[in-house]
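Chemist: Input structure: structure.cif, which contains mmCIF, N, CA and C atoms.
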```cif
data_run
loop_
_atom_site.group_PDB
_atom_site.id
_atom_site.type_symbol
_atom_site.label_atom_id
_atom_site.label_comp_id
_atom_site.auth_asym_id
_atom_site.auth_seq_id
_atom_site.Cartn_x
_atom_site.Cartn_y
_atom_site.Cartn_z
ATOM 1 N N MET A 22 -16.498 -14.720 -17.874
ATOM 2 C CA MET A 22 -16.031 -15.853 -17.099
ATOM 3 C C MET A 22 -15.876 -15.463 -15.629
ATOM 4 N N LEU A 23 -15.219 -14.327 -15.365
ATOM 5 C CA LEU A 23 -15.019 -13.915 -13.974
ATOM 6 C C LEU A 23 -16.285 -13.323 -13.358
ATOM 7 N N ASN A 24 -17.285 -13.055 -14.171
ATOM 8 C CA ASN A 24 -18.526 -12.481 -13.642
ATOM 9 C C ASN A 24 -19.287 -13.490 -12.786
ATOM 10 N N ASN A 25 -19.049 -14.773 -12.992
ATOM 11 C CA ASN A 25 -19.816 -15.808 -12.309
ATOM 12 C C ASN A 25 -19.191 -16.245 -10.983
ATOM 13 N N ILE A 26 -18.060 -15.658 -10.603
ATOM 14 C CA ILE A 26 -17.435 -16.034 -9.335
ATOM 15 C C ILE A 26 -18.159 -15.295 -8.220
ATOM 16 N N GLY A 27 -18.736 -16.057 -7.305
ATOM 17 C CA GLY A 27 -19.451 -15.459 -6.182
ATOM 18 C C GLY A 27 -18.619 -15.517 -4.926
ATOM 19 N N LEU A 28 -19.259 -15.267 -3.801
ATOM 20 C CA LEU A 28 -18.579 -15.291 -2.508
ATOM 21 C C LEU A 28 -17.989 -16.667 -2.187
ATOM 22 N N PRO A 29 -18.720 -17.764 -2.421
ATOM 23 C CA PRO A 29 -18.114 -19.075 -2.140
ATOM 24 C C PRO A 29 -16.870 -19.346 -2.998
ATOM 25 N N GLY A 30 -16.886 -18.924 -4.232
ATOM 26 C CA GLY A 30 -15.722 -19.108 -5.099
ATOM 27 C C GLY A 30 -14.530 -18.313 -4.621
ATOM 28 N N LEU A 31 -14.752 -17.065 -4.209
ATOM 29 C CA LEU A 31 -13.667 -16.231 -3.685
ATOM 30 C C LEU A 31 -13.091 -16.805 -2.395
ATOM 31 N N LEU A 32 -13.969 -17.333 -1.535
ATOM 32 C CA LEU A 32 -13.491 -17.955 -0.296
ATOM 33 C C LEU A 32 -12.660 -19.195 -0.600
ATOM 34 N N LEU A 33 -13.077 -19.989 -1.565
ATOM 35 C CA LEU A 33 -12.319 -21.172 -1.945
ATOM 36 C C LEU A 33 -10.942 -20.793 -2.483
ATOM 37 N N ILE A 34 -10.891 -19.756 -3.310
ATOM 38 C CA ILE A 34 -9.606 -19.284 -3.839
ATOM 39 C C ILE A 34 -8.711 -18.800 -2.704
ATOM 40 N N ALA A 35 -9.282 -18.070 -1.747
ATOM 41 C CA ALA A 35 -8.501 -17.566 -0.616
ATOM 42 C C ALA A 35 -7.929 -18.709 0.210
ATOM 43 N N VAL A 36 -8.718 -19.754 0.435
ATOM 44 C CA VAL A 36 -8.251 -20.909 1.213
ATOM 45 C C VAL A 36 -7.127 -21.622 0.468
ATOM 46 N N VAL A 37 -7.277 -21.802 -0.834
ATOM 47 C CA VAL A 37 -6.239 -22.474 -1.619
ATOM 48 C C VAL A 37 -4.943 -21.671 -1.587
ATOM 49 N N VAL A 38 -5.040 -20.348 -1.712
ATOM 50 C CA VAL A 38 -3.837 -19.506 -1.662
ATOM 51 C C VAL A 38 -3.170 -19.615 -0.297
ATOM 52 N N LEU A 39 -3.956 -19.600 0.768
ATOM 53 C CA LEU A 39 -3.383 -19.739 2.115
ATOM 54 C C LEU A 39 -2.694 -21.082 2.300
ATOM 55 N N VAL A 40 -3.290 -22.138 1.775
ATOM 56 C CA VAL A 40 -2.689 -23.467 1.916
ATOM 57 C C VAL A 40 -1.392 -23.551 1.124
ATOM 58 N N LEU A 41 -1.382 -22.992 -0.082
ATOM 59 C CA LEU A 41 -0.197 -23.094 -0.929
ATOM 60 C C LEU A 41 0.961 -22.250 -0.429
ATOM 61 N N PHE A 42 0.683 -21.026 -0.008
ATOM 62 C CA PHE A 42 1.762 -20.099 0.319
ATOM 63 C C PHE A 42 1.984 -19.896 1.809
ATOM 64 N N GLY A 43 1.030 -20.167 2.636
ATOM 65 C CA GLY A 43 1.172 -19.973 4.075
ATOM 66 C C GLY A 43 0.809 -18.549 4.485
ATOM 67 N N LYS A 44 0.480 -18.420 5.765
ATOM 68 C CA LYS A 44 0.006 -17.136 6.284
ATOM 69 C C LYS A 44 1.073 -16.049 6.207
ATOM 70 N N GLY A 45 2.303 -16.364 6.553
ATOM 71 C CA GLY A 45 3.375 -15.359 6.571
ATOM 72 C C GLY A 45 3.677 -14.818 5.191
ATOM 73 N N LYS A 46 3.719 -15.693 4.213
ATOM 74 C CA LYS A 46 4.030 -15.273 2.843
ATOM 75 C C LYS A 46 2.909 -14.390 2.282
ATOM 76 N N VAL A 47 1.655 -14.758 2.536
ATOM 77 C CA VAL A 47 0.527 -13.982 2.033
ATOM 78 C C VAL A 47 0.475 -12.615 2.701
ATOM 79 N N SER A 48 0.719 -12.546 4.011
ATOM 80 C CA SER A 48 0.660 -11.258 4.703
ATOM 81 C C SER A 48 1.786 -10.336 4.236
ATOM 82 N N SER A 49 2.970 -10.881 4.001
ATOM 83 C CA SER A 49 4.061 -10.035 3.508
ATOM 84 C C SER A 49 3.775 -9.579 2.079
ATOM 85 N N LEU A 50 3.170 -10.439 1.277
ATOM 86 C CA LEU A 50 2.799 -10.061 -0.085
ATOM 87 C C LEU A 50 1.763 -8.939 -0.076
ATOM 88 N N MET A 51 0.775 -9.043 0.803
ATOM 89 C CA MET A 51 -0.252 -7.993 0.887
ATOM 90 C C MET A 51 0.355 -6.683 1.395
ATOM 91 N N GLY A 52 1.352 -6.764 2.271
ATOM 92 C CA GLY A 52 2.048 -5.561 2.725
ATOM 93 C C GLY A 52 2.768 -4.882 1.574
ATOM 94 N N GLU A 53 3.399 -5.668 0.719
ATOM 95 C CA GLU A 53 4.090 -5.108 -0.447
ATOM 96 C C GLU A 53 3.089 -4.501 -1.435
ATOM 97 N N VAL A 54 1.944 -5.148 -1.599
ATOM 98 C CA VAL A 54 0.910 -4.602 -2.484
ATOM 99 C C VAL A 54 0.416 -3.260 -1.944
ATOM 100 N N GLY A 55 0.228 -3.178 -0.637
ATOM 101 C CA GLY A 55 -0.195 -1.924 -0.017
ATOM 102 C C GLY A 55 0.825 -0.817 -0.217
ATOM 103 N N LYS A 56 2.107 -1.147 -0.068
ATOM 104 C CA LYS A 56 3.162 -0.147 -0.295
ATOM 105 C C LYS A 56 3.175 0.303 -1.749
ATOM 106 N N GLY A 57 2.945 -0.626 -2.659
ATOM 107 C CA GLY A 57 2.907 -0.281 -4.074
ATOM 108 C C GLY A 57 1.755 0.643 -4.407
ATOM 109 N N ILE A 58 0.598 0.368 -3.843
ATOM 110 C CA ILE A 58 -0.571 1.223 -4.077
ATOM 111 C C ILE A 58 -0.319 2.612 -3.513
ATOM 112 N N THR A 59 0.265 2.686 -2.322
ATOM 113 C CA THR A 59 0.571 3.982 -1.704
ATOM 114 C C THR A 59 1.561 4.773 -2.556
ATOM 115 N N ALA A 60 2.590 4.099 -3.053
ATOM 116 C CA ALA A 60 3.581 4.775 -3.893
ATOM 117 C C ALA A 60 2.954 5.252 -5.199
ATOM 118 N N PHE A 61 2.056 4.459 -5.770
ATOM 119 C CA PHE A 61 1.376 4.847 -7.002
ATOM 120 C C PHE A 61 0.513 6.086 -6.778
ATOM 121 N N LYS A 62 -0.254 6.100 -5.700
ATOM 122 C CA LYS A 62 -1.096 7.263 -5.396
ATOM 123 C C LYS A 62 -0.249 8.510 -5.178
ATOM 124 N N LYS A 63 0.886 8.357 -4.483
ATOM 125 C CA LYS A 63 1.776 9.490 -4.239
ATOM 126 C C LYS A 63 2.334 10.011 -5.557
ATOM 127 N N GLY A 64 2.701 9.119 -6.451
ATOM 128 C CA GLY A 64 3.219 9.527 -7.760
ATOM 129 C C GLY A 64 2.179 10.261 -8.585
ATOM 130 N N VAL A 65 0.944 9.782 -8.551
ATOM 131 C CA VAL A 65 -0.130 10.445 -9.286
ATOM 132 C C VAL A 65 -0.371 11.836 -8.713
ATOM 133 N N ASN A 66 -0.411 11.947 -7.391
ATOM 134 C CA ASN A 66 -0.640 13.250 -6.761
ATOM 135 C C ASN A 66 0.501 14.223 -7.057
ATOM 136 N N ASP A 67 1.739 13.721 -7.031
ATOM 137 C CA ASP A 67 2.888 14.572 -7.348
ATOM 138 C C ASP A 67 2.824 15.052 -8.796
ATOM 139 N N GLY A 68 2.437 14.174 -9.697
ATOM 140 C CA GLY A 68 2.308 14.549 -11.106
ATOM 141 C C GLY A 68 1.240 15.604 -11.311
ATOM 142 N N GLN A 69 0.105 15.451 -10.643
ATOM 143 C CA GLN A 69 -0.959 16.444 -10.750
ATOM 144 C C GLN A 69 -0.512 17.780 -10.176
ATOM 145 N N LYS A 70 0.235 17.741 -9.083
ATOM 146 C CA LYS A 70 0.721 18.977 -8.466
ATOM 147 C C LYS A 70 1.703 19.690 -9.400
ATOM 148 N N GLU A 71 2.586 18.927 -10.060
ATOM 149 C CA GLU A 71 3.525 19.535 -11.005
ATOM 150 C C GLU A 71 2.788 20.199 -12.163
ATOM 151 N N ILE A 72 1.751 19.550 -12.666
ATOM 152 C CA ILE A 72 0.966 20.119 -13.766
ATOM 153 C C ILE A 72 0.278 21.402 -13.315
ATOM 154 N N GLU A 73 -0.312 21.388 -12.121
ATOM 155 C CA GLU A 73 -0.976 22.584 -11.609
ATOM 156 C C GLU A 73 0.022 23.711 -11.368
ATOM 157 N N ASP A 74 1.209 23.380 -10.842
ATOM 158 C CA ASP A 74 2.232 24.400 -10.617
ATOM 159 C C ASP A 74 2.690 25.014 -11.934
ATOM 160 N N ALA A 75 2.812 24.195 -12.965
ATOM 161 C CA ALA A 75 3.217 24.707 -14.277
ATOM 162 C C ALA A 75 2.152 25.656 -14.824
ATOM 163 N N LYS A 76 0.887 25.306 -14.614
ATOM 164 C CA LYS A 76 -0.199 26.183 -15.068
ATOM 165 C C LYS A 76 -0.170 27.508 -14.306
ATOM 166 N N VAL A 77 0.110 27.448 -13.009
ATOM 167 C CA VAL A 77 0.161 28.667 -12.197
ATOM 168 C C VAL A 77 1.323 29.547 -12.636
ATOM 169 N N ASP A 78 2.484 28.946 -12.917
ATOM 170 C CA ASP A 78 3.639 29.721 -13.364
ATOM 171 C C ASP A 78 3.357 30.426 -14.675
ATOM 172 N N VAL A 79 2.692 29.749 -15.585
ATOM 173 C CA VAL A 79 2.357 30.362 -16.876
ATOM 174 C C VAL A 79 1.341 31.482 -16.669
ATOM 175 N N ALA A 80 0.385 31.274 -15.788
ATOM 176 C CA ALA A 80 -0.646 32.281 -15.548
ATOM 177 C C ALA A 80 -0.074 33.518 -14.854
ATOM 178 N N LYS A 81 0.964 33.373 -14.026
ATOM 179 C CA LYS A 81 1.545 34.505 -13.312
ATOM 180 C C LYS A 81 2.319 35.430 -14.242
ATOM 181 N N ASP A 82 2.866 34.924 -15.309
ATOM 182 C CA ASP A 82 3.737 35.696 -16.188
ATOM 183 C C ASP A 82 2.905 36.498 -17.197
ATOM 184 N N VAL A 83 2.235 37.564 -16.707
ATOM 185 C CA VAL A 83 1.394 38.387 -17.579
ATOM 186 C C VAL A 83 1.929 39.812 -17.708
ATOM 187 N N THR A 84 3.031 40.097 -17.052
ATOM 188 C CA THR A 84 3.589 41.454 -17.130
ATOM 189 C C THR A 84 4.272 41.661 -18.469
ATOM 190 N N PRO A 85 4.157 42.858 -19.026
ATOM 191 C CA PRO A 85 4.829 43.107 -20.302
ATOM 192 C C PRO A 85 6.338 43.187 -20.131
ATOM 193 N N ALA A 86 7.069 42.891 -21.164
ATOM 194 C CA ALA A 86 8.525 42.954 -21.119
ATOM 195 C C ALA A 86 8.982 44.405 -21.119
ATOM 196 N N GLU A 87 10.238 44.648 -20.759
ATOM 197 C CA GLU A 87 10.790 46.011 -20.691
ATOM 198 C C GLU A 87 10.713 46.716 -22.041
ATOM 199 N N LYS A 88 10.987 46.030 -23.115
ATOM 200 C CA LYS A 88 10.982 46.678 -24.422
ATOM 201 C C LYS A 88 9.568 47.069 -24.847
ATOM 202 N N ASP A 89 8.537 46.404 -24.297
ATOM 203 C CA ASP A 89 7.171 46.774 -24.644
ATOM 204 C C ASP A 89 6.722 48.039 -23.924
ATOM 205 N N LYS A 90 7.368 48.390 -22.805
ATOM 206 C CA LYS A 90 6.974 49.577 -22.033
ATOM 207 C C LYS A 90 7.432 50.862 -22.723
ATOM 208 N N ALA A 91 8.468 50.808 -23.509
ATOM 209 C CA ALA A 91 9.013 52.028 -24.116
ATOM 210 C C ALA A 91 8.213 52.520 -25.289
#
```
Please go through the file and, once you have read it, give me the structure as structure tokens.
Modeler:
Amino acid sequence: MLNNIGLPGLLLIAVVVLVLFGKGKVSSLMGEVGKGITAFKKGVNDGQKEIEDAKVDVAKDVTPAEKDKA
């Protein structure tokens, strides 16, 4: 169903949204969407960094324990 929406259909939807909500409301909504996307990307990057740090910590711990040296 959504595969058949072309450029004229998208423009019509954009005009209807602008008429219904007004320019100020749409711009503030898009600003909030942008902040949400930025926060999501930051969360994903932080999660990946934590996973990589955990892998590095496990990889660093290769020294034998004191009782194994005796």
Chemist: How many Å separate CA of Glu71 in chain A from CA of Ile58 in chain A?
Modeler: 20.0 Å
Chemist: What is the distance between CA of Lys62 in chain A and CA of Leu50 in chain A, in Å to one decimal?
Modeler: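 Computing it gives 18.5 Å between the two atoms.
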Chemist: What is the atom N of Gly30 in chain A to atom C of Lys44 in chain A distance in Å?
Modeler: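 Distance reported for this atom pair: 21.0 Å.
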